[in-house]
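Engineer: Contents of query24.cif (mmCIF, C-alpha atoms, pLDDT in the B column; chains and numbers go by the auth columns):
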data_protein
loop_
_atom_site.group_PDB
_atom_site.id
_atom_site.type_symbol
_atom_site.label_atom_id
_atom_site.label_comp_id
_atom_site.label_asym_id
_atom_site.label_seq_id
_atom_site.Cartn_x
_atom_site.Cartn_y
_atom_site.Cartn_z
_atom_site.B_iso_or_equiv
_atom_site.auth_seq_id
_atom_site.auth_asym_id
ATOM 1 C CA GLN A 1 -20.484 143.768 -34.244 65.00 1 T
ATOM 2 C CA LYS A 2 -18.316 145.800 -31.889 76.00 2 T
ATOM 3 C CA GLU A 3 -16.410 148.369 -33.910 87.00 3 T
ATOM 4 C CA VAL A 4 -14.233 151.309 -33.010 93.00 4 T
ATOM 5 C CA GLU A 5 -13.265 153.440 -35.969 95.00 5 T
ATOM 6 C CA GLN A 6 -10.293 155.769 -36.184 95.00 6 T
ATOM 7 C CA ASN A 7 -8.545 157.452 -39.071 90.00 7 T
ATOM 8 C CA SER A 8 -5.131 155.791 -39.299 88.00 8 T
ATOM 9 C CA GLY A 9 -3.439 159.055 -40.273 88.00 9 T
ATOM 10 C CA PRO A 10 -0.783 160.205 -40.033 95.00 10 T
ATOM 11 C CA LEU A 11 -2.105 163.451 -38.652 96.00 11 T
ATOM 12 C CA SER A 12 0.615 166.062 -38.982 97.00 12 T
ATOM 13 C CA VAL A 13 0.563 169.248 -36.904 97.00 13 T
ATOM 14 C CA PRO A 14 3.226 171.864 -36.182 97.00 14 T
ATOM 15 C CA GLU A 15 4.611 172.299 -32.701 97.00 15 T
ATOM 16 C CA GLY A 16 2.338 174.452 -30.561 97.00 16 T
ATOM 17 C CA ALA A 17 -0.816 173.679 -32.539 97.00 17 T
ATOM 18 C CA ILE A 18 -3.907 171.830 -31.371 97.00 18 T
ATOM 19 C CA ALA A 19 -4.129 168.202 -32.462 97.00 19 T
ATOM 20 C CA SER A 20 -7.621 166.756 -32.781 97.00 20 T
ATOM 21 C CA LEU A 21 -8.032 162.974 -32.802 97.00 21 T
ATOM 22 C CA ASN A 22 -11.407 161.420 -33.479 96.00 22 T
ATOM 23 C CA CYS A 23 -13.111 158.099 -32.852 96.00 23 T
ATOM 24 C CA THR A 24 -16.557 156.672 -33.547 96.00 24 T
ATOM 25 C CA TYR A 25 -18.107 153.554 -32.062 94.00 25 T
ATOM 26 C CA SER A 26 -20.978 151.325 -33.059 91.00 26 T
ATOM 27 C CA ASP A 27 -22.880 150.600 -29.833 85.00 27 T
ATOM 28 C CA ARG A 28 -25.075 153.425 -28.564 84.00 28 T
ATOM 29 C CA GLY A 29 -25.252 151.795 -25.132 83.00 29 T
ATOM 30 C CA SER A 30 -21.514 151.994 -24.490 85.00 30 T
ATOM 31 C CA GLN A 31 -20.592 153.684 -21.220 83.00 31 T
ATOM 32 C CA SER A 32 -16.806 153.863 -20.898 90.00 32 T
ATOM 33 C CA PHE A 33 -14.268 155.396 -23.246 93.00 33 T
ATOM 34 C CA PHE A 34 -10.495 155.507 -23.046 95.00 34 T
ATOM 35 C CA TRP A 35 -7.584 157.066 -24.886 97.00 35 T
ATOM 36 C CA TYR A 36 -4.218 155.321 -24.886 97.00 36 T
ATOM 37 C CA ARG A 37 -0.931 156.585 -26.295 97.00 37 T
ATOM 38 C CA GLN A 38 1.510 154.140 -27.834 97.00 38 T
ATOM 39 C CA TYR A 39 5.036 155.080 -28.802 96.00 39 T
ATOM 40 C CA SER A 40 6.687 153.009 -31.495 93.00 40 T
ATOM 41 C CA GLY A 41 7.856 149.700 -30.067 90.00 41 T
ATOM 42 C CA LYS A 42 6.248 150.372 -26.695 93.00 42 T
ATOM 43 C CA SER A 43 3.055 149.241 -25.008 94.00 43 T
ATOM 44 C CA PRO A 44 -0.082 151.385 -24.738 95.00 44 T
ATOM 45 C CA GLU A 45 -0.303 153.768 -21.798 94.00 45 T
ATOM 46 C CA LEU A 46 -3.502 155.310 -20.511 93.00 46 T
ATOM 47 C CA ILE A 47 -3.946 159.035 -21.099 94.00 47 T
ATOM 48 C CA MET A 48 -7.563 159.671 -20.213 93.00 48 T
ATOM 49 C CA PHE A 49 -10.919 158.060 -19.672 93.00 49 T
ATOM 50 C CA ILE A 50 -14.371 159.613 -19.928 94.00 50 T
ATOM 51 C CA TYR A 51 -17.773 158.259 -18.961 91.00 51 T
ATOM 52 C CA SER A 52 -20.138 161.248 -19.262 91.00 52 T
ATOM 53 C CA ASN A 53 -21.177 163.458 -22.137 93.00 53 T
ATOM 54 C CA GLY A 54 -19.191 166.649 -22.454 94.00 54 T
ATOM 55 C CA ASP A 55 -15.573 167.575 -21.935 95.00 55 T
ATOM 56 C CA LYS A 56 -12.969 166.317 -19.498 96.00 56 T
ATOM 57 C CA GLU A 57 -9.693 168.178 -19.185 96.00 57 T
ATOM 58 C CA ASP A 58 -6.359 166.983 -17.832 95.00 58 T
ATOM 59 C CA GLY A 59 -3.447 169.318 -18.436 96.00 59 T
ATOM 60 C CA ARG A 60 -2.946 169.737 -22.179 97.00 60 T
ATOM 61 C CA PHE A 61 -5.404 166.935 -22.945 97.00 61 T
ATOM 62 C CA THR A 62 -9.174 167.244 -23.336 97.00 62 T
ATOM 63 C CA ALA A 63 -11.457 164.308 -24.021 97.00 63 T
ATOM 64 C CA GLN A 64 -14.852 165.048 -25.544 97.00 64 T
ATOM 65 C CA LEU A 65 -17.762 162.623 -25.578 96.00 65 T
ATOM 66 C CA ASN A 66 -20.997 162.862 -27.537 94.00 66 T
ATOM 67 C CA LYS A 67 -23.042 159.725 -26.937 92.00 67 T
ATOM 68 C CA ALA A 68 -25.877 160.832 -29.236 92.00 68 T
ATOM 69 C CA SER A 69 -23.445 160.973 -32.142 92.00 69 T
ATOM 70 C CA GLN A 70 -21.407 157.983 -30.863 93.00 70 T
ATOM 71 C CA TYR A 71 -18.297 160.064 -31.095 94.00 71 T
ATOM 72 C CA VAL A 72 -15.343 160.619 -28.796 97.00 72 T
ATOM 73 C CA SER A 73 -12.365 162.859 -29.438 97.00 73 T
ATOM 74 C CA LEU A 74 -9.060 163.810 -27.885 98.00 74 T
ATOM 75 C CA LEU A 75 -7.653 167.316 -28.164 98.00 75 T
ATOM 76 C CA ILE A 76 -4.001 167.974 -27.439 98.00 76 T
ATOM 77 C CA ARG A 77 -3.206 171.650 -26.892 98.00 77 T
ATOM 78 C CA ASP A 78 0.262 173.102 -27.429 98.00 78 T
ATOM 79 C CA SER A 79 1.390 169.934 -29.211 98.00 79 T
ATOM 80 C CA GLN A 80 5.002 168.926 -28.644 97.00 80 T
ATOM 81 C CA PRO A 81 7.275 166.679 -30.730 97.00 81 T
ATOM 82 C CA SER A 82 7.202 164.281 -27.766 97.00 82 T
ATOM 83 C CA ASP A 83 3.455 163.840 -28.396 98.00 83 T
ATOM 84 C CA SER A 84 4.293 162.080 -31.672 98.00 84 T
ATOM 85 C CA ALA A 85 2.844 158.596 -31.193 97.00 85 T
ATOM 86 C CA THR A 86 -0.136 156.448 -32.112 97.00 86 T
ATOM 87 C CA TYR A 87 -3.288 157.239 -30.168 98.00 87 T
ATOM 88 C CA LEU A 88 -5.654 154.357 -29.536 97.00 88 T
ATOM 89 C CA CYS A 89 -9.323 154.858 -28.776 97.00 89 T
ATOM 90 C CA ALA A 90 -10.925 152.093 -26.707 95.00 90 T
ATOM 91 C CA VAL A 91 -14.518 151.427 -25.728 93.00 91 T
ATOM 92 C CA ILE A 92 -16.231 149.144 -23.236 89.00 92 T
ATOM 93 C CA TYR A 93 -19.418 148.064 -24.954 83.00 93 T
ATOM 94 C CA SER A 94 -22.634 147.585 -23.005 79.00 94 T
ATOM 95 C CA GLY A 95 -22.983 144.060 -21.672 76.00 95 T
ATOM 96 C CA TYR A 96 -19.302 143.439 -22.252 75.00 96 T
ATOM 97 C CA SER A 97 -16.522 143.975 -19.750 76.00 97 T
ATOM 98 C CA THR A 98 -13.459 144.230 -21.962 83.00 98 T
ATOM 99 C CA LEU A 99 -11.925 147.050 -23.958 88.00 99 T
ATOM 100 C CA THR A 100 -12.337 147.028 -27.714 91.00 100 T
ATOM 101 C CA PHE A 101 -9.621 149.058 -29.392 94.00 101 T
ATOM 102 C CA GLY A 102 -9.553 151.001 -32.618 96.00 102 T
ATOM 103 C CA LYS A 103 -6.599 150.693 -34.980 96.00 103 T
ATOM 104 C CA GLY A 104 -5.134 153.949 -33.748 96.00 104 T
ATOM 105 C CA THR A 105 -4.252 157.308 -35.301 97.00 105 T
ATOM 106 C CA MET A 106 -0.617 158.207 -35.799 97.00 106 T
ATOM 107 C CA LEU A 107 0.176 161.766 -34.747 97.00 107 T
ATOM 108 C CA LEU A 108 3.302 163.545 -35.994 97.00 108 T
ATOM 109 C CA VAL A 109 4.244 166.851 -34.385 97.00 109 T
ATOM 110 C CA SER A 110 6.927 168.716 -36.305 96.00 110 T
ATOM 111 C CA PRO A 111 9.301 171.178 -34.585 93.00 111 T
ATOM 112 C CA GLU B 1 4.041 150.350 -7.490 65.00 1 Z
ATOM 113 C CA ALA B 2 5.553 147.811 -9.847 80.00 2 Z
ATOM 114 C CA GLY B 3 3.893 147.580 -13.225 93.00 3 Z
ATOM 115 C CA VAL B 4 2.829 144.573 -15.233 96.00 4 Z
ATOM 116 C CA VAL B 5 5.878 142.414 -15.917 97.00 5 Z
ATOM 117 C CA GLN B 6 6.178 140.246 -18.994 97.00 6 Z
ATOM 118 C CA SER B 7 8.873 137.945 -20.253 97.00 7 Z
ATOM 119 C CA PRO B 8 10.550 137.377 -22.560 97.00 8 Z
ATOM 120 C CA ARG B 9 10.680 140.721 -24.384 96.00 9 Z
ATOM 121 C CA TYR B 10 11.537 139.099 -27.682 97.00 10 Z
ATOM 122 C CA LYS B 11 11.237 135.581 -29.031 98.00 11 Z
ATOM 123 C CA ILE B 12 12.196 134.172 -32.408 98.00 12 Z
ATOM 124 C CA ILE B 13 11.155 130.630 -33.233 97.00 13 Z
ATOM 125 C CA GLU B 14 10.673 128.457 -36.271 97.00 14 Z
ATOM 126 C CA LYS B 15 7.176 127.517 -37.336 96.00 15 Z
ATOM 127 C CA LYS B 16 5.727 124.411 -35.720 97.00 16 Z
ATOM 128 C CA GLN B 17 7.742 125.025 -32.551 97.00 17 Z
ATOM 129 C CA PRO B 18 6.083 125.746 -29.193 98.00 18 Z
ATOM 130 C CA VAL B 19 6.435 129.043 -27.351 98.00 19 Z
ATOM 131 C CA ALA B 20 5.299 130.368 -23.989 98.00 20 Z
ATOM 132 C CA PHE B 21 4.891 133.846 -22.549 98.00 21 Z
ATOM 133 C CA TRP B 22 4.723 134.801 -18.889 97.00 22 Z
ATOM 134 C CA CYS B 23 2.955 137.677 -17.150 97.00 23 Z
ATOM 135 C CA ASN B 24 2.920 138.995 -13.591 97.00 24 Z
ATOM 136 C CA PRO B 25 0.132 141.558 -13.066 96.00 25 Z
ATOM 137 C CA ILE B 26 0.074 144.548 -10.761 95.00 26 Z
ATOM 138 C CA SER B 27 -0.413 143.469 -7.170 93.00 27 Z
ATOM 139 C CA GLY B 28 -4.068 143.567 -6.222 91.00 28 Z
ATOM 140 C CA HIS B 29 -5.355 143.489 -9.793 92.00 29 Z
ATOM 141 C CA ASN B 30 -7.750 140.572 -10.039 91.00 30 Z
ATOM 142 C CA THR B 31 -8.409 140.900 -13.758 93.00 31 Z
ATOM 143 C CA LEU B 32 -5.768 139.844 -16.252 95.00 32 Z
ATOM 144 C CA TYR B 33 -5.886 140.100 -20.028 96.00 33 Z
ATOM 145 C CA TRP B 34 -3.873 138.751 -22.908 97.00 34 Z
ATOM 146 C CA TYR B 35 -4.049 140.839 -26.079 97.00 35 Z
ATOM 147 C CA ARG B 36 -2.375 140.343 -29.443 97.00 36 Z
ATOM 148 C CA GLN B 37 -1.317 143.338 -31.497 97.00 37 Z
ATOM 149 C CA ASN B 38 -0.396 143.058 -35.156 96.00 38 Z
ATOM 150 C CA LEU B 39 1.575 145.796 -36.875 93.00 39 Z
ATOM 151 C CA GLY B 40 -0.589 148.830 -37.588 91.00 40 Z
ATOM 152 C CA GLN B 41 -3.543 147.433 -35.656 94.00 41 Z
ATOM 153 C CA GLY B 42 -5.008 147.944 -32.223 95.00 42 Z
ATOM 154 C CA PRO B 43 -4.717 145.267 -29.551 96.00 43 Z
ATOM 155 C CA GLU B 44 -7.199 142.389 -29.891 95.00 44 Z
ATOM 156 C CA LEU B 45 -8.333 140.435 -26.868 94.00 45 Z
ATOM 157 C CA LEU B 46 -7.339 136.787 -26.656 96.00 46 Z
ATOM 158 C CA ILE B 47 -8.478 135.937 -23.137 96.00 47 Z
ATOM 159 C CA ARG B 48 -9.602 137.620 -19.916 94.00 48 Z
ATOM 160 C CA TYR B 49 -9.292 136.202 -16.412 94.00 49 Z
ATOM 161 C CA GLU B 50 -11.155 137.158 -13.288 91.00 50 Z
ATOM 162 C CA ASN B 51 -8.892 135.722 -10.599 91.00 51 Z
ATOM 163 C CA GLU B 52 -8.144 132.190 -11.835 91.00 52 Z
ATOM 164 C CA GLU B 53 -11.261 131.876 -13.991 92.00 53 Z
ATOM 165 C CA ALA B 54 -11.170 132.492 -17.740 93.00 54 Z
ATOM 166 C CA VAL B 55 -14.341 134.535 -18.247 90.00 55 Z
ATOM 167 C CA ASP B 56 -13.848 135.482 -21.903 90.00 56 Z
ATOM 168 C CA ASP B 57 -11.815 133.284 -24.235 91.00 57 Z
ATOM 169 C CA SER B 58 -14.060 133.583 -27.263 88.00 58 Z
ATOM 170 C CA GLN B 59 -11.251 135.018 -29.437 89.00 59 Z
ATOM 171 C CA LEU B 60 -8.591 132.515 -28.350 93.00 60 Z
ATOM 172 C CA PRO B 61 -7.670 130.053 -31.156 92.00 61 Z
ATOM 173 C CA LYS B 62 -8.067 127.034 -28.934 91.00 62 Z
ATOM 174 C CA ASP B 63 -6.618 124.560 -31.426 95.00 63 Z
ATOM 175 C CA ARG B 64 -3.141 125.937 -30.807 97.00 64 Z
ATOM 176 C CA PHE B 65 -3.355 128.508 -28.026 97.00 65 Z
ATOM 177 C CA SER B 66 -3.751 127.793 -24.338 97.00 66 Z
ATOM 178 C CA ALA B 67 -3.507 129.901 -21.216 97.00 67 Z
ATOM 179 C CA GLU B 68 -3.555 129.419 -17.500 95.00 68 Z
ATOM 180 C CA ARG B 69 -3.575 131.565 -14.412 95.00 69 Z
ATOM 181 C CA LEU B 70 -2.774 129.388 -11.470 83.00 70 Z
ATOM 182 C CA LYS B 71 -3.546 130.827 -8.028 85.00 71 Z
ATOM 183 C CA GLY B 72 -5.075 133.883 -9.669 83.00 72 Z
ATOM 184 C CA VAL B 73 -1.801 135.796 -9.999 92.00 73 Z
ATOM 185 C CA ASP B 74 0.773 134.985 -12.695 96.00 74 Z
ATOM 186 C CA SER B 75 -0.347 133.799 -16.096 97.00 75 Z
ATOM 187 C CA THR B 76 1.187 131.971 -19.032 97.00 76 Z
ATOM 188 C CA LEU B 77 0.100 131.955 -22.652 98.00 77 Z
ATOM 189 C CA LYS B 78 1.258 129.117 -24.851 98.00 78 Z
ATOM 190 C CA ILE B 79 1.207 128.518 -28.581 98.00 79 Z
ATOM 191 C CA GLN B 80 1.780 125.024 -29.907 97.00 80 Z
ATOM 192 C CA PRO B 81 2.558 124.698 -32.733 96.00 81 Z
ATOM 193 C CA ALA B 82 3.346 128.245 -33.843 97.00 82 Z
ATOM 194 C CA GLU B 83 2.456 129.422 -37.340 97.00 83 Z
ATOM 195 C CA LEU B 84 3.897 132.252 -39.405 97.00 84 Z
ATOM 196 C CA GLY B 85 0.727 134.287 -38.847 96.00 85 Z
ATOM 197 C CA ASP B 86 1.273 134.232 -35.098 97.00 86 Z
ATOM 198 C CA SER B 87 4.064 136.790 -35.432 98.00 87 Z
ATOM 199 C CA ALA B 88 2.846 139.747 -33.383 97.00 88 Z
ATOM 200 C CA VAL B 89 3.286 141.507 -30.064 97.00 89 Z
ATOM 201 C CA TYR B 90 1.573 139.728 -27.193 98.00 90 Z
ATOM 202 C CA LEU B 91 0.481 142.133 -24.506 98.00 91 Z
ATOM 203 C CA CYS B 92 -0.537 141.304 -20.976 97.00 92 Z
ATOM 204 C CA ALA B 93 -2.623 143.798 -19.032 96.00 93 Z
ATOM 205 C CA SER B 94 -4.256 143.919 -15.632 94.00 94 Z
ATOM 206 C CA SER B 95 -6.935 145.966 -13.940 92.00 95 Z
ATOM 207 C CA LEU B 96 -9.001 146.169 -10.807 88.00 96 Z
ATOM 208 C CA GLU B 97 -12.126 144.083 -10.805 75.00 97 Z
ATOM 209 C CA GLN B 98 -14.568 146.883 -11.673 66.00 98 Z
ATOM 210 C CA SER B 99 -15.751 146.678 -15.267 66.00 99 Z
ATOM 211 C CA ASN B 100 -14.716 150.218 -16.235 72.00 100 Z
ATOM 212 C CA SER B 101 -11.306 150.146 -14.585 81.00 101 Z
ATOM 213 C CA PRO B 102 -8.460 151.266 -16.851 85.00 102 Z
ATOM 214 C CA LEU B 103 -6.070 148.628 -18.154 90.00 103 Z
ATOM 215 C CA HIS B 104 -2.367 148.770 -17.384 93.00 104 Z
ATOM 216 C CA PHE B 105 -0.191 147.062 -19.960 95.00 105 Z
ATOM 217 C CA GLY B 106 3.107 145.273 -19.684 96.00 106 Z
ATOM 218 C CA ASN B 107 5.932 145.877 -22.177 94.00 107 Z
ATOM 219 C CA GLY B 108 4.799 142.985 -24.323 96.00 108 Z
ATOM 220 C CA THR B 109 6.546 140.078 -25.982 97.00 109 Z
ATOM 221 C CA ARG B 110 7.425 140.482 -29.636 97.00 110 Z
ATOM 222 C CA LEU B 111 7.142 137.082 -31.307 98.00 111 Z
ATOM 223 C CA THR B 112 8.670 136.375 -34.681 98.00 112 Z
ATOM 224 C CA VAL B 113 7.886 133.047 -36.313 98.00 113 Z
ATOM 225 C CA THR B 114 10.183 132.140 -39.211 97.00 114 Z
#
What would you get if you wrote out this structure as structure tokens?
Structural biologist:
Amino acid sequence: QKEVEQNSGPLSVPEGAIASLNCTYSDRGSQSFFWYRQYSGKSPELIMFIYSNGDKEDGRFTAQLNKASQYVSLLIRDSQPSDSATYLCAVIYSGYSTLTFGKGTMLLVSP
Amino acid sequence: EAGVVQSPRYKIIEKKQPVAFWCNPISGHNTLYWYRQNLGQGPELLIRYENEEAVDDSQLPKDRFSAERLKGVDSTLKIQPAELGDSAVYLCASSLEQSNSPLHFGNGTRLTVT
């Protein structure tokens, strides 16, 4: 069973704080991990992808992957109200070529 | 670079009626996906094409849903007849052929079945 688990939230953080979004997955052999942002009424847009254990930074965003724990996270530094959206974690499971999405975590950044 | 184009943006139909959605992927993207997203849920795959071949349609309700991708470019997704539970956003996405290539989504079609 291919599962991607996320806390639905909402996760509320004040402007300027660090937002930490978490995701766990069920297949230890998975190789590719993605974070998408989805504003209300809009389609998902890719923020980051990560394939190797450790951290990957892109501007205010850092993706962290721990394959031993089957855990991937997204950190957003200096959170802005414009970051308020639903963040979808997606995984490509081993032997399967299509993204499996979690239900998403809603992030609310208050001014 | 033009993104993934979908039409229509919104569609309201009565149950038992047919409906069709159209998608034009990013130029050069051989892989095309149709996902369905219910409110408060993540997208769920309906069908994946590699060029004109449907390589994963295991989640497509084949009794009422059909899809085609003629000439390996544009694609249509059809529902006939529609049921109340089909109300959702239907998302088309495309990617390069490599298995770990990121997906690029269109704006989606919001279907309401009354």
Engineer: Within 9 Å of Tyr10 in chain Z, counting only C-alpha atoms, which residues qualify if same-chain residues fewer than 4 places away don't, as a PyMOL selection string?
Structural biologist: chain Z and resi 89+108-112
Engineer: Show me the residues close to (0.4, 132.0, -23.0) - anything with an atom within 10 Å, counting only C-alpha atoms - and format the list as number ranges by chain.
Structural biologist: Z: 19-23, 34, 46-47, 65-69, 75-80, 90, 92
Engineer: Residues picked by the PyMOL selection byres ((chain T) within 8 of (chain Z)) here, as a PyMOL selection string?
Structural biologist: chain T and resi 32+34+42-46+49+88+92+97-98+100-104
Engineer: Which residues come within 12 Å of Cys23 in chain T, counting all atoms listed in the file, excluding same-chain residues fewer than 4 positions away, as a VMD selection string?
Structural biologist: chain T and resid 3 to 8 33 to 35 63 to 67 69 to 75 87 to 91 101 to 105
Engineer: Between Z:Ser95, Z:Val113, Z:Asn30, Z:Gln17, which has the minimum distance to Leu99 in chain T (counting all atoms listed in the file)?
Structural biologist: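 Ranking Z:Ser95, Z:Val113, Z:Asn30, Z:Gln17 by distance to Leu99 in chain T, first place goes to Z:Ser95.
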Engineer: Might you spell out which residues the PyMOL selection byres ((chain Z and resi 71) around 12) would select in the displayed file, as an mmCIF file with C-alpha atoms, keeping the file's coordinate frame?
Structural biologist:
data_model
loop_
_atom_site.group_PDB
_atom_site.id
_atom_site.type_symbol
_atom_site.label_atom_id
_atom_site.label_comp_id
_atom_site.auth_asym_id
_atom_site.auth_seq_id
_atom_site.Cartn_x
_atom_site.Cartn_y
_atom_site.Cartn_z
ATOM 1 C CA ASN Z 24 2.920 138.995 -13.591
ATOM 2 C CA ASN Z 30 -7.750 140.572 -10.039
ATOM 3 C CA TYR Z 49 -9.292 136.202 -16.412
ATOM 4 C CA GLU Z 50 -11.155 137.158 -13.288
ATOM 5 C CA ASN Z 51 -8.892 135.722 -10.599
ATOM 6 C CA GLU Z 52 -8.144 132.190 -11.835
ATOM 7 C CA GLU Z 53 -11.261 131.876 -13.991
ATOM 8 C CA GLU Z 68 -3.555 129.419 -17.500
ATOM 9 C CA ARG Z 69 -3.575 131.565 -14.412
ATOM 10 C CA LEU Z 70 -2.774 129.388 -11.470
ATOM 11 C CA GLY Z 72 -5.075 133.883 -9.669
ATOM 12 C CA VAL Z 73 -1.801 135.796 -9.999
ATOM 13 C CA ASP Z 74 0.773 134.985 -12.695
ATOM 14 C CA SER Z 75 -0.347 133.799 -16.096
#
Engineer: In terms of the shortest atom-to-atom distance over only C-alpha atoms, which of T:Gly95, T:Gly54, T:Gly59, T:Gly16 is closest to Pro111 in chain T?
Structural biologist: T:Gly16
Engineer: Since the input is missing atoms for range 16-27 of chain Z, could you rebuild it with N, CA and C atoms and give the result as a PDB file, in the coordinates of the input?
Structural biologist:
ATOM      1  N   LYS Z  16       6.010 125.734 -36.280  1.00 97.00           N
ATOM      2  CA  LYS Z  16       5.727 124.411 -35.720  1.00 97.00           C
ATOM      3  C   LYS Z  16       6.359 124.201 -34.346  1.00 97.00           C
ATOM      4  N   GLN Z  17       7.177 125.123 -33.890  1.00 97.00           N
ATOM      5  CA  GLN Z  17       7.742 125.025 -32.551  1.00 97.00           C
ATOM      6  C   GLN Z  17       6.779 125.589 -31.518  1.00 97.00           C
ATOM      7  N   PRO Z  18       6.894 125.156 -30.260  1.00 98.00           N
ATOM      8  CA  PRO Z  18       6.083 125.746 -29.193  1.00 98.00           C
ATOM      9  C   PRO Z  18       6.738 127.005 -28.630  1.00 98.00           C
ATOM     10  N   VAL Z  19       5.912 127.843 -27.998  1.00 98.00           N
ATOM     11  CA  VAL Z  19       6.435 129.043 -27.351  1.00 98.00           C
ATOM     12  C   VAL Z  19       5.516 129.388 -26.183  1.00 98.00           C
ATOM     13  N   ALA Z  20       6.091 129.985 -25.160  1.00 98.00           N
ATOM     14  CA  ALA Z  20       5.299 130.368 -23.989  1.00 98.00           C
ATOM     15  C   ALA Z  20       5.683 131.765 -23.538  1.00 98.00           C
ATOM     16  N   PHE Z  21       4.694 132.485 -23.064  1.00 98.00           N
ATOM     17  CA  PHE Z  21       4.891 133.846 -22.549  1.00 98.00           C
ATOM     18  C   PHE Z  21       4.410 133.879 -21.108  1.00 98.00           C
ATOM     19  N   TRP Z  22       5.060 134.710 -20.309  1.00 97.00           N
ATOM     20  CA  TRP Z  22       4.723 134.801 -18.889  1.00 97.00           C
ATOM     21  C   TRP Z  22       4.349 136.225 -18.514  1.00 97.00           C
ATOM     22  N   CYS Z  23       3.418 136.358 -17.574  1.00 97.00           N
ATOM     23  CA  CYS Z  23       2.955 137.677 -17.150  1.00 97.00           C
ATOM     24  C   CYS Z  23       2.719 137.694 -15.644  1.00 97.00           C
ATOM     25  N   ASN Z  24       3.209 138.748 -15.003  1.00 97.00           N
ATOM     26  CA  ASN Z  24       2.920 138.995 -13.591  1.00 97.00           C
ATOM     27  C   ASN Z  24       2.187 140.317 -13.489  1.00 97.00           C
ATOM     28  N   PRO Z  25       0.927 140.325 -13.075  1.00 96.00           N
ATOM     29  CA  PRO Z  25       0.132 141.558 -13.066  1.00 96.00           C
ATOM     30  C   PRO Z  25       0.489 142.454 -11.886  1.00 96.00           C
ATOM     31  N   ILE Z  26      -0.087 143.635 -11.884  1.00 95.00           N
ATOM     32  CA  ILE Z  26       0.074 144.548 -10.761  1.00 95.00           C
ATOM     33  C   ILE Z  26      -0.581 143.934  -9.525  1.00 95.00           C
ATOM     34  N   SER Z  27       0.102 144.049  -8.408  1.00 93.00           N
ATOM     35  CA  SER Z  27      -0.413 143.469  -7.170  1.00 93.00           C
ATOM     36  C   SER Z  27      -1.798 144.041  -6.847  1.00 93.00           C
TER      37      SER Z  27
END
